[in-house]
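Colleague: I'm passing along protein-v1.txt; it holds compact mmCIF, C-alpha atoms.
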```txt
# COMPACT_ATOMS: atom_id res chain seq x y z
CA MET A 1132 -95.14 116.92 -201.34
CA SER A 1133 -93.82 113.56 -200.27
CA SER A 1134 -91.41 111.45 -202.23
CA PHE A 1135 -94.26 109.20 -203.30
CA LYS A 1136 -94.72 111.28 -206.45
CA ASN A 1137 -91.19 110.20 -207.44
CA HIS A 1138 -91.98 106.52 -207.00
CA GLU A 1139 -94.69 106.45 -209.66
CA LYS A 1140 -92.22 105.91 -212.48
CA LEU A 1141 -90.37 103.09 -210.73
CA HIS A 1142 -90.67 99.63 -212.22
CA LYS A 1143 -91.64 96.40 -210.55
CA GLY A 1144 -88.80 95.13 -208.39
CA GLU A 1145 -87.19 98.54 -207.79
CA THR A 1146 -86.69 99.43 -204.15
CA HIS A 1147 -86.50 102.38 -201.80
CA PRO A 1148 -85.23 102.39 -198.19
CA LEU A 1149 -88.02 101.68 -195.67
CA ASP A 1150 -86.87 104.46 -193.33
CA ASP A 1151 -87.27 107.08 -196.04
CA VAL A 1152 -90.70 105.77 -196.96
CA LEU A 1153 -91.90 105.78 -193.33
CA GLU A 1154 -90.64 109.34 -193.04
CA SER A 1155 -92.53 110.47 -196.13
CA LEU A 1156 -95.87 108.80 -195.37
CA ARG A 1157 -98.65 111.37 -195.28
CA TYR A 1158 -99.78 111.17 -191.66
CA ASN A 1159 -102.81 113.30 -190.78
CA ASN A 1160 -102.85 116.18 -188.29
CA ASP A 1161 -102.92 113.67 -185.44
CA ASP A 1162 -99.84 111.89 -186.90
CA LEU A 1163 -102.00 108.93 -187.88
CA ILE A 1164 -102.58 107.01 -191.08
CA PRO A 1165 -105.46 104.62 -191.83
CA ALA A 1166 -104.65 100.91 -192.07
CA ILE A 1167 -106.89 98.33 -193.72
CA ALA A 1168 -106.62 94.76 -192.42
CA GLN A 1169 -107.34 92.02 -194.95
CA GLN A 1170 -107.27 88.27 -194.27
CA TYR A 1171 -104.30 87.22 -196.40
CA ASP A 1172 -105.70 83.99 -197.87
CA SER A 1173 -109.47 84.57 -198.19
CA GLY A 1174 -109.17 88.24 -199.16
CA GLU A 1175 -111.89 89.25 -196.69
CA VAL A 1176 -111.57 92.85 -195.51
CA LEU A 1177 -111.73 92.60 -191.73
CA MET A 1178 -111.45 96.12 -190.33
CA MET A 1179 -109.91 99.56 -190.67
CA ALA A 1180 -108.00 101.28 -187.86
CA TRP A 1181 -105.22 103.82 -187.42
CA MET A 1182 -101.45 103.62 -186.98
CA ASN A 1183 -98.73 106.08 -186.11
CA ARG A 1184 -95.10 105.65 -187.09
CA SER A 1185 -94.21 103.84 -183.88
CA SER A 1186 -97.03 101.35 -184.23
CA ILE A 1187 -96.00 100.67 -187.84
CA GLU A 1188 -92.44 100.00 -186.69
CA GLU A 1189 -93.56 97.77 -183.83
CA THR A 1190 -95.82 95.82 -186.20
CA LEU A 1191 -92.95 95.24 -188.62
CA LYS A 1192 -90.59 94.23 -185.81
CA THR A 1193 -92.95 91.82 -184.06
CA ASP A 1194 -95.16 90.66 -186.99
CA ARG A 1195 -98.11 91.26 -184.63
CA VAL A 1196 -100.36 94.12 -185.70
CA CYS A 1197 -100.31 97.12 -183.38
CA TYR A 1198 -102.66 100.05 -184.03
CA TRP A 1199 -103.05 103.40 -182.29
CA SER A 1200 -106.36 103.67 -180.45
CA ARG A 1201 -107.84 107.13 -180.99
CA SER A 1202 -110.44 106.63 -178.24
CA ARG A 1203 -107.94 105.41 -175.66
CA GLN A 1204 -104.98 107.46 -176.99
CA SER A 1205 -102.67 104.51 -176.57
CA TYR A 1206 -101.16 101.61 -178.45
CA TRP A 1207 -103.68 98.99 -179.38
CA ARG A 1208 -101.98 95.66 -179.70
CA LYS A 1209 -104.73 93.80 -181.49
CA GLY A 1210 -105.80 90.80 -179.44
CA GLU A 1211 -103.99 91.96 -176.29
CA SER A 1212 -107.15 91.63 -174.19
CA SER A 1213 -109.31 89.41 -176.43
CA GLY A 1214 -106.65 86.96 -177.62
CA GLN A 1215 -107.78 87.55 -181.22
CA VAL A 1216 -104.41 88.58 -182.63
CA GLN A 1217 -103.47 89.58 -186.15
CA GLN A 1218 -100.26 88.05 -187.43
CA LEU A 1219 -98.74 90.24 -190.12
CA LYS A 1220 -98.23 88.60 -193.50
CA SER A 1221 -97.37 91.73 -195.51
CA MET A 1222 -97.60 95.52 -195.37
CA ALA A 1223 -98.07 97.84 -198.35
CA PHE A 1224 -98.51 101.59 -198.85
CA ASP A 1225 -100.65 103.18 -201.53
CA CYS A 1226 -99.63 105.44 -204.43
CA ASP A 1227 -99.67 108.68 -202.48
CA GLY A 1228 -98.55 107.31 -199.13
CA ASP A 1229 -101.66 108.03 -197.12
CA THR A 1230 -103.09 104.53 -196.57
CA ILE A 1231 -101.68 101.18 -195.43
CA LEU A 1232 -102.85 97.72 -196.47
CA LEU A 1233 -102.07 94.98 -193.95
CA LYS A 1234 -102.43 91.38 -195.02
CA VAL A 1235 -102.91 89.44 -191.82
CA ASP A 1236 -103.79 86.07 -190.41
CA GLN A 1237 -106.63 86.90 -188.04
CA THR A 1238 -107.26 84.57 -185.12
CA GLY A 1239 -111.03 84.32 -184.64
CA PRO A 1240 -113.12 87.48 -184.91
CA ALA A 1241 -111.58 90.82 -185.91
CA CYS A 1242 -114.61 92.71 -184.62
CA HIS A 1243 -115.26 93.65 -180.99
CA THR A 1244 -118.84 92.38 -181.51
CA GLY A 1245 -117.47 88.86 -181.99
CA ARG A 1246 -118.03 88.88 -185.75
CA ARG A 1247 -115.30 87.82 -188.12
CA SER A 1248 -115.35 91.16 -190.01
CA CYS A 1249 -116.39 94.62 -188.86
CA PHE A 1250 -118.25 95.27 -192.13
CA PHE A 1251 -121.52 93.57 -191.27
CA HIS A 1252 -123.99 96.40 -192.11
CA ARG A 1253 -124.80 95.84 -195.80
CA VAL A 1254 -126.98 98.21 -197.78
CA ASP A 1255 -130.00 96.45 -199.27
CA GLY A 1256 -132.25 98.91 -201.09
CA GLU A 1257 -133.71 101.33 -198.57
CA GLN A 1258 -132.59 99.17 -195.65
CA VAL A 1259 -129.33 98.17 -194.04
CA VAL A 1260 -129.21 94.47 -193.23
CA ILE A 1261 -127.00 92.76 -190.64
CA ASP A 1262 -125.24 90.15 -192.72
CA SER A 1263 -123.32 88.10 -190.17
CA ASP A 1264 -123.63 86.80 -186.63
CA PRO A 1265 -120.90 86.66 -183.98
CA ILE A 1266 -118.64 83.61 -184.17
CA ILE A 1267 -117.76 84.12 -180.49
CA ASP A 1268 -119.95 85.66 -177.79
CA PRO A 1269 -118.35 89.08 -177.20
CA GLN A 1270 -118.97 88.66 -173.46
CA THR A 1271 -116.37 85.90 -173.44
CA LEU A 1272 -113.88 87.94 -175.51
CA TYR A 1273 -113.23 90.60 -172.89
CA SER A 1274 -113.79 88.82 -169.62
CA MET O 954 -122.90 108.17 -179.59
CA SER O 955 -124.35 106.90 -182.82
CA SER O 956 -127.00 104.24 -183.11
CA PHE O 957 -124.34 101.78 -184.22
CA LYS O 958 -123.85 100.68 -180.63
CA ASN O 959 -127.48 99.52 -180.67
CA HIS O 960 -126.96 97.41 -183.79
CA GLU O 961 -124.37 95.15 -182.22
CA LYS O 962 -126.98 92.86 -180.71
CA LEU O 963 -128.98 92.51 -183.93
CA HIS O 964 -129.00 89.14 -185.62
CA LYS O 965 -128.20 88.26 -189.18
CA GLY O 966 -131.06 89.32 -191.46
CA GLU O 967 -132.38 92.07 -189.19
CA THR O 968 -132.66 95.47 -190.84
CA HIS O 969 -132.53 99.17 -190.09
CA PRO O 970 -133.66 102.04 -192.38
CA LEU O 971 -130.86 103.28 -194.66
CA ASP O 972 -131.70 106.94 -194.01
CA ASP O 973 -131.19 106.52 -190.27
CA VAL O 974 -127.91 104.71 -190.81
CA LEU O 975 -126.58 107.38 -193.19
CA GLU O 976 -127.55 110.00 -190.61
CA SER O 977 -125.69 108.21 -187.83
CA LEU O 978 -122.47 107.46 -189.71
CA ARG O 979 -119.48 108.95 -187.92
CA TYR O 980 -118.26 111.50 -190.44
CA ASN O 981 -115.03 113.31 -189.52
CA ASN O 982 -114.65 117.04 -188.92
CA ASP O 983 -114.69 117.60 -192.69
CA ASP O 984 -117.94 115.59 -192.97
CA LEU O 985 -116.07 112.78 -194.68
CA ILE O 986 -115.76 109.05 -194.11
CA PRO O 987 -113.10 106.71 -195.55
CA ALA O 988 -114.22 104.21 -198.19
CA ILE O 989 -112.25 101.12 -199.16
CA ALA O 990 -112.76 99.83 -202.72
CA GLN O 991 -112.35 96.09 -203.20
CA GLN O 992 -112.71 94.19 -206.49
CA TYR O 993 -115.83 92.13 -205.80
CA ASP O 994 -114.73 88.83 -207.37
CA SER O 995 -110.96 88.66 -206.86
CA GLY O 996 -111.00 90.31 -203.42
CA GLU O 997 -108.11 92.61 -204.35
CA VAL O 998 -108.10 95.85 -202.35
CA LEU O 999 -107.82 98.56 -205.00
CA MET O 1000 -107.77 101.91 -203.21
CA MET O 1001 -109.05 103.99 -200.31
CA ALA O 1002 -110.70 107.38 -200.76
CA TRP O 1003 -113.26 109.57 -198.99
CA MET O 1004 -117.01 110.09 -199.29
CA ASN O 1005 -119.50 112.55 -197.89
CA ARG O 1006 -123.18 111.81 -197.44
CA SER O 1007 -124.10 113.17 -200.88
CA SER O 1008 -121.49 111.07 -202.65
CA ILE O 1009 -122.71 107.97 -200.79
CA GLU O 1010 -126.27 108.69 -201.91
CA GLU O 1011 -125.22 109.35 -205.50
CA THR O 1012 -123.21 106.11 -205.53
CA LEU O 1013 -126.20 104.12 -204.30
CA LYS O 1014 -128.54 105.79 -206.79
CA THR O 1015 -126.31 105.38 -209.86
CA ASP O 1016 -124.31 102.24 -208.94
CA ARG O 1017 -121.23 104.17 -210.11
CA VAL O 1018 -118.81 105.04 -207.32
CA CYS O 1019 -118.54 108.75 -206.53
CA TYR O 1020 -115.99 109.94 -203.96
CA TRP O 1021 -115.26 113.39 -202.55
CA SER O 1022 -111.87 114.70 -203.65
CA ARG O 1023 -110.15 116.39 -200.73
CA SER O 1024 -107.49 117.95 -202.99
CA ARG O 1025 -110.00 119.36 -205.49
CA GLN O 1026 -112.81 119.88 -202.94
CA SER O 1027 -115.34 118.49 -205.39
CA TYR O 1028 -117.16 115.31 -206.32
CA TRP O 1029 -114.86 112.72 -207.83
CA ARG O 1030 -116.86 110.47 -210.10
CA LYS O 1031 -114.34 107.69 -210.44
CA GLY O 1032 -113.42 107.25 -214.11
CA GLU O 1033 -115.03 110.52 -215.20
CA SER O 1034 -111.82 111.67 -216.90
CA SER O 1035 -109.94 108.36 -217.24
CA GLY O 1036 -112.82 106.10 -218.24
CA GLN O 1037 -111.78 103.65 -215.51
CA VAL O 1038 -115.10 103.50 -213.69
CA GLN O 1039 -116.09 101.53 -210.61
CA GLN O 1040 -119.46 99.82 -210.82
CA LEU O 1041 -120.88 99.30 -207.35
CA LYS O 1042 -121.65 95.71 -206.40
CA SER O 1043 -122.33 96.27 -202.69
CA MET O 1044 -121.78 98.79 -199.90
CA ALA O 1045 -121.26 97.98 -196.22
CA PHE O 1046 -120.54 99.97 -193.05
CA ASP O 1047 -118.38 98.79 -190.19
CA CYS O 1048 -119.32 98.11 -186.58
CA ASP O 1049 -118.95 101.68 -185.35
CA GLY O 1050 -120.06 103.43 -188.53
CA ASP O 1051 -116.81 105.17 -189.38
CA THR O 1052 -115.65 103.24 -192.47
CA ILE O 1053 -117.30 102.06 -195.71
CA LEU O 1054 -116.44 98.96 -197.71
CA LEU O 1055 -117.34 99.16 -201.39
CA LYS O 1056 -117.30 96.00 -203.45
CA VAL O 1057 -116.87 97.16 -207.02
CA ASP O 1058 -116.21 96.00 -210.53
CA GLN O 1059 -113.22 98.12 -211.55
CA THR O 1060 -112.67 98.79 -215.23
CA GLY O 1061 -108.91 98.70 -215.88
CA PRO O 1062 -106.60 100.36 -213.36
CA ALA O 1063 -107.90 101.86 -210.12
CA CYS O 1064 -104.67 103.82 -209.62
CA HIS O 1065 -103.81 107.13 -211.28
CA THR O 1066 -100.38 105.64 -212.04
CA GLY O 1067 -102.04 103.12 -214.36
CA ARG O 1068 -101.61 100.23 -211.94
CA ARG O 1069 -104.51 97.95 -211.11
CA SER O 1070 -104.26 98.66 -207.34
CA CYS O 1071 -102.91 101.68 -205.49
CA PHE O 1072 -101.12 99.45 -202.94
CA PHE O 1073 -97.95 98.76 -204.92
CA HIS O 1074 -95.31 99.75 -202.29
CA ARG O 1075 -94.69 96.52 -200.38
CA VAL O 1076 -92.40 96.35 -197.37
CA ASP O 1077 -89.60 93.84 -197.87
CA GLY O 1078 -87.22 93.86 -194.90
CA GLU O 1079 -85.48 97.22 -194.72
CA GLN O 1080 -86.66 98.14 -198.22
CA VAL O 1081 -89.93 98.98 -199.91
CA VAL O 1082 -90.31 97.24 -203.25
CA ILE O 1083 -92.56 98.29 -206.14
CA ASP O 1084 -94.60 95.16 -206.72
CA SER O 1085 -96.58 95.94 -209.87
CA ASP O 1086 -96.23 97.77 -213.17
CA PRO O 1087 -98.89 99.92 -214.89
CA ILE O 1088 -101.38 97.99 -217.00
CA ILE O 1089 -102.09 101.19 -218.96
CA ASP O 1090 -99.69 104.08 -219.62
CA PRO O 1091 -100.98 106.85 -217.30
CA GLN O 1092 -100.26 109.38 -220.07
CA THR O 1093 -103.08 107.84 -222.08
CA LEU O 1094 -105.47 107.75 -219.10
CA TYR O 1095 -105.81 111.51 -218.72
CA SER O 1096 -105.25 112.81 -222.25
```
Would you encode the structure as structure tokens?

Modeller:
Amino acid sequence: MSSFKNHEKLHKGETHPLDDVLESLRYNNDDLIPAIAQQYDSGEVLMMAWMNRSSIEETLKTDRVCYWSRSRQSYWRKGESSGQVQQLKSMAFDCDGDTILLKVDQTGPACHTGRRSCFFHRVDGEQVVIDSDPIIDPQTLYS
Amino acid sequence: MSSFKNHEKLHKGETHPLDDVLESLRYNNDDLIPAIAQQYDSGEVLMMAWMNRSSIEETLKTDRVCYWSRSRQSYWRKGESSGQVQQLKSMAFDCDGDTILLKVDQTGPACHTGRRSCFFHRVDGEQVVIDSDPIIDPQTLYS
């Protein structure tokens, strides 16, 4: 069990060394941990992707969000090809150390479809409705 | 490849049958999909947990959020033992169908530690700081 169990009794303002916390995060069998990106001021949840320890450290060092791409098996520096970067505002870990919450300032769309948020399939009764349109033509994002 | 690729070109307001979408979600090797719970009015991200198809369907039918507990290998009807239920306000799937966003009305704390949100370990330079206290003593939550 990670040291997160021991943190539960800590009070607001108490601290723990970052290195120890990164070591005790509960990465999955692929050494990855899910990271939620939320627009820091509006609160909109933009996307969810995966990080490994190196991408967490790079993100903290550069204040630009860097994920790990499972499909490409490589670092995914958000906005590297599209220009739609995520500037890190804050990073937090959950109670049992298996999820990250990134508060970011997202330039333009977070979604590869050109939509602001990836969560555009909303359940509506027995249907799923598309609830937003692209704010940028995706053809122009990756040209 | 799931049918999600085909949804990218749909416009706002266009629909797709829920059953087909649930069938084409990209569940992992354990037949699970991560679900983010966000307080619907304040926008606060409360927690992340996992759902299978049955727990998604139960959640939509009852409007009470039901996860799948990986540790207990059973349904986890949020608040069943603590009373701290999540009433579903809306459910959405992301662009590639591998993550769910639940907008909920959370009674009391979402976190088993008694804190409102699970994301209370915030990175602050070379330290991680506890940035909230319990709103309810966890001893009283599970008695």

Colleague: Counting only C-alpha atoms, collect the residues of chain O whose closest atom lies at most 8 Å from chain A, and write them out as a short mmCIF file (atom, residue, chain, number, x, y, z; two decimals) with C-alpha atoms, in the coordinates of the input.

Modeller:
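Final file, selection-v9.cif:
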```
data_model
loop_
_atom_site.label_atom_id
_atom_site.label_comp_id
_atom_site.auth_asym_id
_atom_site.auth_seq_id
_atom_site.Cartn_x
_atom_site.Cartn_y
_atom_site.Cartn_z
CA GLU O 961 -124.37 95.15 -182.22
CA LEU O 963 -128.98 92.51 -183.93
CA HIS O 964 -129.00 89.14 -185.62
CA LYS O 965 -128.20 88.26 -189.18
CA GLY O 966 -131.06 89.32 -191.46
CA GLU O 967 -132.38 92.07 -189.19
CA THR O 968 -132.66 95.47 -190.84
CA HIS O 969 -132.53 99.17 -190.09
CA PRO O 970 -133.66 102.04 -192.38
CA LEU O 971 -130.86 103.28 -194.66
CA ASP O 972 -131.70 106.94 -194.01
CA VAL O 974 -127.91 104.71 -190.81
CA SER O 995 -110.96 88.66 -206.86
CA GLY O 996 -111.00 90.31 -203.42
CA GLU O 997 -108.11 92.61 -204.35
CA MET O 1000 -107.77 101.91 -203.21
CA MET O 1001 -109.05 103.99 -200.31
CA SER O 1043 -122.33 96.27 -202.69
CA MET O 1044 -121.78 98.79 -199.90
CA ALA O 1045 -121.26 97.98 -196.22
CA PHE O 1046 -120.54 99.97 -193.05
CA ASP O 1047 -118.38 98.79 -190.19
CA CYS O 1048 -119.32 98.11 -186.58
CA THR O 1052 -115.65 103.24 -192.47
CA ILE O 1053 -117.30 102.06 -195.71
CA LEU O 1054 -116.44 98.96 -197.71
CA CYS O 1064 -104.67 103.82 -209.62
CA THR O 1066 -100.38 105.64 -212.04
CA CYS O 1071 -102.91 101.68 -205.49
CA PHE O 1072 -101.12 99.45 -202.94
CA PHE O 1073 -97.95 98.76 -204.92
CA HIS O 1074 -95.31 99.75 -202.29
CA ARG O 1075 -94.69 96.52 -200.38
CA VAL O 1076 -92.40 96.35 -197.37
CA GLY O 1078 -87.22 93.86 -194.90
CA GLU O 1079 -85.48 97.22 -194.72
CA GLN O 1080 -86.66 98.14 -198.22
CA VAL O 1081 -89.93 98.98 -199.91
CA VAL O 1082 -90.31 97.24 -203.25
CA ILE O 1083 -92.56 98.29 -206.14
CA ASP O 1084 -94.60 95.16 -206.72
CA SER O 1085 -96.58 95.94 -209.87
CA ASP O 1086 -96.23 97.77 -213.17
#
```

Colleague: Dig up all the protein and nucleic acid residues within 12 Å of (-113.7, 106.2, -213.2) in the file frame, using all atoms listed in the file, and format them as a PyMOL selection string.

Modeller: chain O and resi 1017-1020+1028-1041+1057-1065+1094-1095

Colleague: Give me, please, the distance in Å between atom CA of O:Ser977 and atom CA of O:Arg1006, quoted to one decimal.

Modeller: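 If I compute the distance from atom CA of O:Ser977 to atom CA of O:Arg1006, I get 10.6 Å.
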
Colleague: To test the calculation: enclose all listed atoms of stretch 1234-1245 of chain A in a box whose edges run along x, y and z, add 4 Å on each side, then state centre and edge lengths in Å to one decimal, as lines of an AutoDock Vina configuration file.

Modeller:
```
center_x = -110.6
center_y = 89.0
center_z = -188.0
size_x = 24.4
size_y = 17.3
size_z = 22.0
```

Colleague: Atom CA of A:Thr1271 and atom CA of A:Glu1189, how far apart in Å?

Modeller: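 If I compute the distance from atom CA of A:Glu1189 to atom CA of A:Thr1271, I get 27.7 Å.
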
Colleague: Just the number, please: distance in Å from atom CA of O:Asn981 to atom CA of A:Trp1181, one decimal.

Modeller: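 Between these atoms lies a distance of 13.8 Å.
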
Colleague: Ranking O:Ile986, O:Lys1056, O:Lys1042, O:Tyr980 by minimum distance to O:Ser1022 and counting all atoms listed in the file, which one comes first?

Modeller: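 Distance minimum relative to O:Ser1022 lands on O:Ile986.
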